[in-house]
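As C-alpha cells, the structure follows; a few thoughts come after it.
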Amino acid sequence: MSGCPEELVRSFPDRLHGGKVNLKELLPSELEAFVRLLGESPYRARQLVRWLYVRRAGSFAEMTDLSRAFRQVLEEVAALPTLHLASPEESLQDTTKFLFTLPDGNPIESVRMRYLEHLGPGRLAVCLSSQVGCAMGCEFCASGKSGLLRNLQAWEMVDQVLAIQRLVDPRGERVANVVFMGIGEPLHNFRNLLRAIRILNHGDGLGIGMRHIAISTSGVVPAIRRLAEKRLPLKLAVSLHATRDDLRDRLMPVNRRWKIQELLAACRDYQAATGRRMTFEYVMLEGVNDSLEEADRLVELLGGIRSLVNLIPWNPVDHPFFRRSSKSRVQAFQDRVQQGGLRCTVRREKGSDIDAACGQLRLREIHRHADGSPRTEVPLAPGAGG
Ligand code: SAH
Ligand code: SF4
C-alpha cells in the first residue's frame, strides 16, 4: 500500500495529519471503524487504545503485539504526532509548568499540580490549554491582549496529559484530575474540547472520570447551555469577576453579549442538568471589584445556586491602573461572603490548590522567584493566558 487510501481520507477528512489519519484524534469507536476499513478485527482498536493512552507508544514499531504486516500498513496510512517539550520544566513548590511546541511551531503551556489533599498520594492534577491565545480580550488577562491564533485540536489537548504522564511515570504518579484553565476559552473550542474529554475519559485508555474534569469559562452562555444538554457530570467554573453589568462589560467584553443574569440563568440550568456544584471565580482588583458592597451583591446574585466562590489574587500583567487587592481586603471580602452563607475560598498562591492552575500566571511567578530579578516574560506569542 502506498500513501493513505482515498477511502480512509474520505472517512476521516477532519482527522488527518500530514495526509495520514491521526490516530490520536479518533474516538475509540472511530478507531474501530478505522481498523475495520483496513480489514482488521475490532479487537485491534482496543490494542491501539492501550498503546496510545496506557503505554503511550511513540511509534508503531513499539506496538509489538500487532503483526509486522499490520504495523507496516499503519506506518503508511496513520500518524502519531506528539507535542515537544520546548523548555525544561520549571517548578515552584508543588506546581510545575511545561511549555510545549505544537507541530506548527506554536507554543502552549500546561501546569502540573502535585499533592492535592483530596486526590490521594501519587495522584496529580493538570491544567490544560485549549487554544493558542484567546479571543475574549479580558482586561486583566495577558491573553486578552493579542487575540486568538487558533483552536487546539483534541489530540493537542490530550497530548498535554500524555506528555506529563510520561514524565511522572518513573515516580509511579498518575494524572487523576484535569482542569481546562490554561490559555484560551475552552467553550469557544466546543467540539474539540468535547472530543478531548471523551478521549481522556475512555475506560480502556486514560480513564479520567468526568467528575474529575473541570472547565473554566468566561461565560459563553450558548455553549454552557449546549454543554448542559450533554448531561455530563463535568465540573464547571465560571469567571464572574464583577457583580454589576457596567463593570463586567468593561472587565470582560463577553458580558456585552451575555449579561450577568443571563449567565446565571444558564448556570442554574447547568446545575439542574448535571447536579454539579458551580464554582465562581472572582479576581480581586483593588478598588475595582473588592468592596463589601460587591460581596453582598455577590451573595444576592448567587442565591439559589449551590456554589463555591473562589477568590483569586490578581497576578499583575502590564496594566496602567489595576492593582491586586491587599490581603486584608481579600480576607474581609471572604468573611462577608461566608457570612452571607456561601462557601468561599481564596486561591492559594504558591500552594497546591487545584485552582492555582492558571498556566501563564504561574510562569510569571516562577520566573520572579527563580532569579529574584524583575519578572522576565517567556515568549508565549501570541498572547498568554489566564
Ligand atoms: N478562559 C477561561 C479559562 C482560563 S483563565 C476563563 O476565563 O475562565 C482561568 C482563570 O484565571 C479565569 O478565572 C481568569 O479570569 C483568571 N485570570 C486571568 N488573568 C488573570 C490574572 N492576571 N490574575 C489572576 N487571574 C487571572
Ligand atoms: Fe481568555 Fe480567560 Fe484570559 Fe478572558 S480570562 S482573556 S477568557 S483566557
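Chain labels A, B, ... are given in the sequence in which chains occur in the C-alpha cells; within each chain residues are numbered consecutively from 1, and ligands are likewise numbered from 1 in the order shown.
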Residues up to 6 Å from ligand 1, counting only C-alpha atoms and all ligand atoms: could you list those as an NGL selection string? :A and (140-141 or 181-185 or 216-218 or 238-239 or 281 or 283 or 312-317 or 358 or 386)
Please produce a file of those selected residues containing C-alpha atoms, as a CSV table (one decimal), in the first residue's frame.
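In the end it all went to part39.csv:
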chain,number,residue,atom,x,y,z
A,140,PHE,CA,-7.0,41.9,33.4
A,141,CYS,CA,-5.6,38.9,31.5
A,181,MET,CA,-7.9,26.5,32.9
A,182,GLY,CA,-4.8,27.3,30.9
A,183,ILE,CA,-4.6,29.5,27.9
A,184,GLY,CA,-7.8,30.0,25.9
A,185,GLU,CA,-11.6,29.9,26.3
A,216,SER,CA,-13.4,27.2,33.3
A,217,THR,CA,-15.3,29.6,31.1
A,218,SER,CA,-15.6,33.4,30.9
A,238,VAL,CA,-17.4,30.5,35.7
A,239,SER,CA,-15.2,33.6,35.7
A,281,GLU,CA,-14.1,32.6,40.1
A,283,VAL,CA,-10.3,38.0,40.5
A,312,ILE,CA,-8.2,34.9,43.0
A,313,PRO,CA,-5.5,37.4,44.0
A,314,TRP,CA,-4.8,39.2,40.7
A,315,ASN,CA,-1.5,38.3,39.1
A,316,PRO,CA,-0.1,41.6,37.8
A,317,VAL,CA,0.1,41.8,34.0
A,358,CYS,CA,-3.6,29.2,35.7
A,386,GLY,CA,-5.1,33.1,32.5
Checklist entry - Excluding same-chain residues fewer than 3 positions from Leu102 (chain A), what lies within 10 Å of it counting only C-alpha atoms, as JSON, numbers by chain? => result {"A": [81, 82, 83, 84, 85, 86, 99, 105, 106, 107, 108, 132, 152, 156]}
Please produce an output containing C-alpha atoms for each residue in the selection, written as a CSV table (one decimal), in the first residue's frame.
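Result written to part_2.csv:
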chain,number,residue,atom,x,y,z
A,81,PRO,CA,2.1,13.2,16.3
A,82,THR,CA,3.3,14.3,19.7
A,83,LEU,CA,3.9,17.6,21.5
A,84,HIS,CA,7.5,18.6,22.1
A,85,LEU,CA,8.7,19.9,25.4
A,86,ALA,CA,10.0,23.3,24.4
A,99,LEU,CA,6.0,24.8,27.7
A,105,GLY,CA,5.6,25.7,15.9
A,106,ASN,CA,3.1,27.5,18.2
A,107,PRO,CA,3.8,27.2,21.9
A,108,ILE,CA,1.3,26.2,24.5
A,132,VAL,CA,-3.3,29.3,21.1
A,152,LEU,CA,-6.2,23.4,19.7
A,156,GLU,CA,-3.3,18.6,21.2
Glu75 (chain A): which residues within 12 Å, counting only C-alpha atoms, same-chain residues fewer than 2 positions away excluded, as a compact mmCIF listing (two decimals) with N, CA and C atoms, in the first residue's frame?
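Listed below is the output, result_30.txt:
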# COMPACT_ATOMS: atom_id res chain seq x y z
N MET A 1 0.86 -1.20 0.00
CA MET A 1 0.00 0.00 0.00
C MET A 1 0.89 1.24 0.00
N SER A 2 0.55 2.23 -0.79
CA SER A 2 1.39 3.42 -0.80
C SER A 2 0.54 4.66 -0.51
N GLY A 3 0.87 5.40 0.56
CA GLY A 3 0.10 6.57 0.96
C GLY A 3 -1.21 6.15 1.58
N CYS A 4 -2.02 7.16 1.93
CA CYS A 4 -3.28 6.89 2.62
C CYS A 4 -4.39 6.68 1.61
N LYS A 20 -2.10 11.69 6.56
CA LYS A 20 -2.45 10.38 7.11
C LYS A 20 -3.47 10.55 8.23
N VAL A 21 -4.13 9.45 8.59
CA VAL A 21 -5.13 9.53 9.66
C VAL A 21 -4.42 9.66 11.01
N ASN A 22 -4.76 10.72 11.74
CA ASN A 22 -4.16 10.94 13.06
C ASN A 22 -4.90 10.08 14.09
N LEU A 23 -4.26 9.01 14.50
CA LEU A 23 -4.96 8.08 15.41
C LEU A 23 -5.31 8.72 16.73
N SER A 59 5.79 5.26 18.59
CA SER A 59 5.89 4.79 17.20
C SER A 59 5.13 3.48 17.04
N PHE A 60 4.84 3.15 15.78
CA PHE A 60 4.15 1.89 15.53
C PHE A 60 5.08 0.70 15.79
N ALA A 61 6.36 0.93 15.61
CA ALA A 61 7.33 -0.17 15.79
C ALA A 61 7.26 -0.75 17.21
N GLU A 62 6.89 0.13 18.18
CA GLU A 62 6.81 -0.35 19.57
C GLU A 62 5.63 -1.29 19.81
N MET A 63 4.67 -1.27 18.89
CA MET A 63 3.41 -1.98 19.15
C MET A 63 3.58 -3.47 18.81
N ARG A 68 3.59 -7.71 12.16
CA ARG A 68 4.51 -6.83 11.42
C ARG A 68 3.80 -6.22 10.20
N ALA A 69 2.98 -7.05 9.54
CA ALA A 69 2.30 -6.57 8.32
C ALA A 69 1.35 -5.41 8.67
N PHE A 70 0.61 -5.55 9.78
CA PHE A 70 -0.33 -4.50 10.17
C PHE A 70 0.42 -3.23 10.56
N ARG A 71 1.53 -3.41 11.26
CA ARG A 71 2.32 -2.22 11.64
C ARG A 71 2.83 -1.49 10.40
N GLN A 72 3.18 -2.27 9.38
CA GLN A 72 3.66 -1.64 8.14
C GLN A 72 2.55 -0.82 7.48
N VAL A 73 1.35 -1.41 7.50
CA VAL A 73 0.20 -0.67 6.93
C VAL A 73 -0.02 0.62 7.73
N VAL A 77 -0.43 4.62 6.52
CA VAL A 77 -1.71 5.34 6.48
C VAL A 77 -2.02 6.17 7.73
N ALA A 78 -1.25 5.94 8.80
CA ALA A 78 -1.64 6.59 10.07
C ALA A 78 -0.51 7.42 10.64
N ALA A 79 -0.88 8.44 11.40
CA ALA A 79 0.11 9.32 12.02
C ALA A 79 -0.04 9.30 13.53
N LEU A 80 1.07 9.51 14.21
CA LEU A 80 1.09 9.56 15.69
C LEU A 80 1.85 10.81 16.13
(message) When you count only C-alpha atoms, which of these residues is closest to Met210 (chain A): A:Gln261, A:Thr274, A:Thr243, A:Gln131?
(response)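 The closest residue to Met210 (chain A) is A:Thr274.
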* To do: Point out the residue among A:Thr96, A:Asn255, A:Ser110, A:Asn189 with the least atom-to-atom distance to Cys134 (chain A), counting only C-alpha atoms.
  =>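 Among the listed residues, the smallest separation from Cys134 (chain A) belongs to A:Asn189.
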Non-local contacts of Leu247 (chain A) (10 Å; only C-alpha atoms; under 5 positions in same chain excluded) as number ranges by chain
A: 241-242, 252, 255, 288-289
Can you tell me which residues surround Asp204 (chain A) at a distance of at most 9 Å, considering only C-alpha atoms, apart from same-chain residues fewer than 5 positions away, and format the answer as a list in words? Pro28, Arg46, Val49, Arg50, Tyr53 and Val54 of chain A
Could you please take those selected residues and save N, CA, C and O atoms as a JSON list (two decimals), in the first residue's frame?
[["chain", "number", "residue", "atom", "x", "y", "z"],
["A", 28, "PRO", "N", -12.50, 6.15, 20.47],
["A", 28, "PRO", "CA", -12.34, 4.70, 20.38],
["A", 28, "PRO", "C", -13.28, 4.05, 19.36],
["A", 28, "PRO", "O", -12.88, 3.13, 18.64],
["A", 46, "ARG", "N", -8.91, -1.91, 20.28],
["A", 46, "ARG", "CA", -8.63, -1.90, 21.74],
["A", 46, "ARG", "C", -7.14, -1.95, 22.00],
["A", 46, "ARG", "O", -6.62, -1.29, 22.90],
["A", 49, "VAL", "N", -5.84, 1.51, 21.41],
["A", 49, "VAL", "CA", -6.15, 2.42, 22.52],
["A", 49, "VAL", "C", -5.15, 2.22, 23.64],
["A", 49, "VAL", "O", -4.62, 3.17, 24.22],
["A", 50, "ARG", "N", -4.86, 0.97, 23.94],
["A", 50, "ARG", "CA", -3.89, 0.71, 25.02],
["A", 50, "ARG", "C", -2.50, 1.24, 24.66],
["A", 50, "ARG", "O", -1.83, 1.85, 25.48],
["A", 53, "TYR", "N", -2.72, 5.27, 24.85],
["A", 53, "TYR", "CA", -3.02, 6.02, 26.08],
["A", 53, "TYR", "C", -2.53, 5.35, 27.36],
["A", 53, "TYR", "O", -2.42, 6.01, 28.38],
["A", 54, "VAL", "N", -2.27, 4.05, 27.32],
["A", 54, "VAL", "CA", -1.79, 3.40, 28.54],
["A", 54, "VAL", "C", -0.27, 3.23, 28.46],
["A", 54, "VAL", "O", 0.45, 3.64, 29.34]]
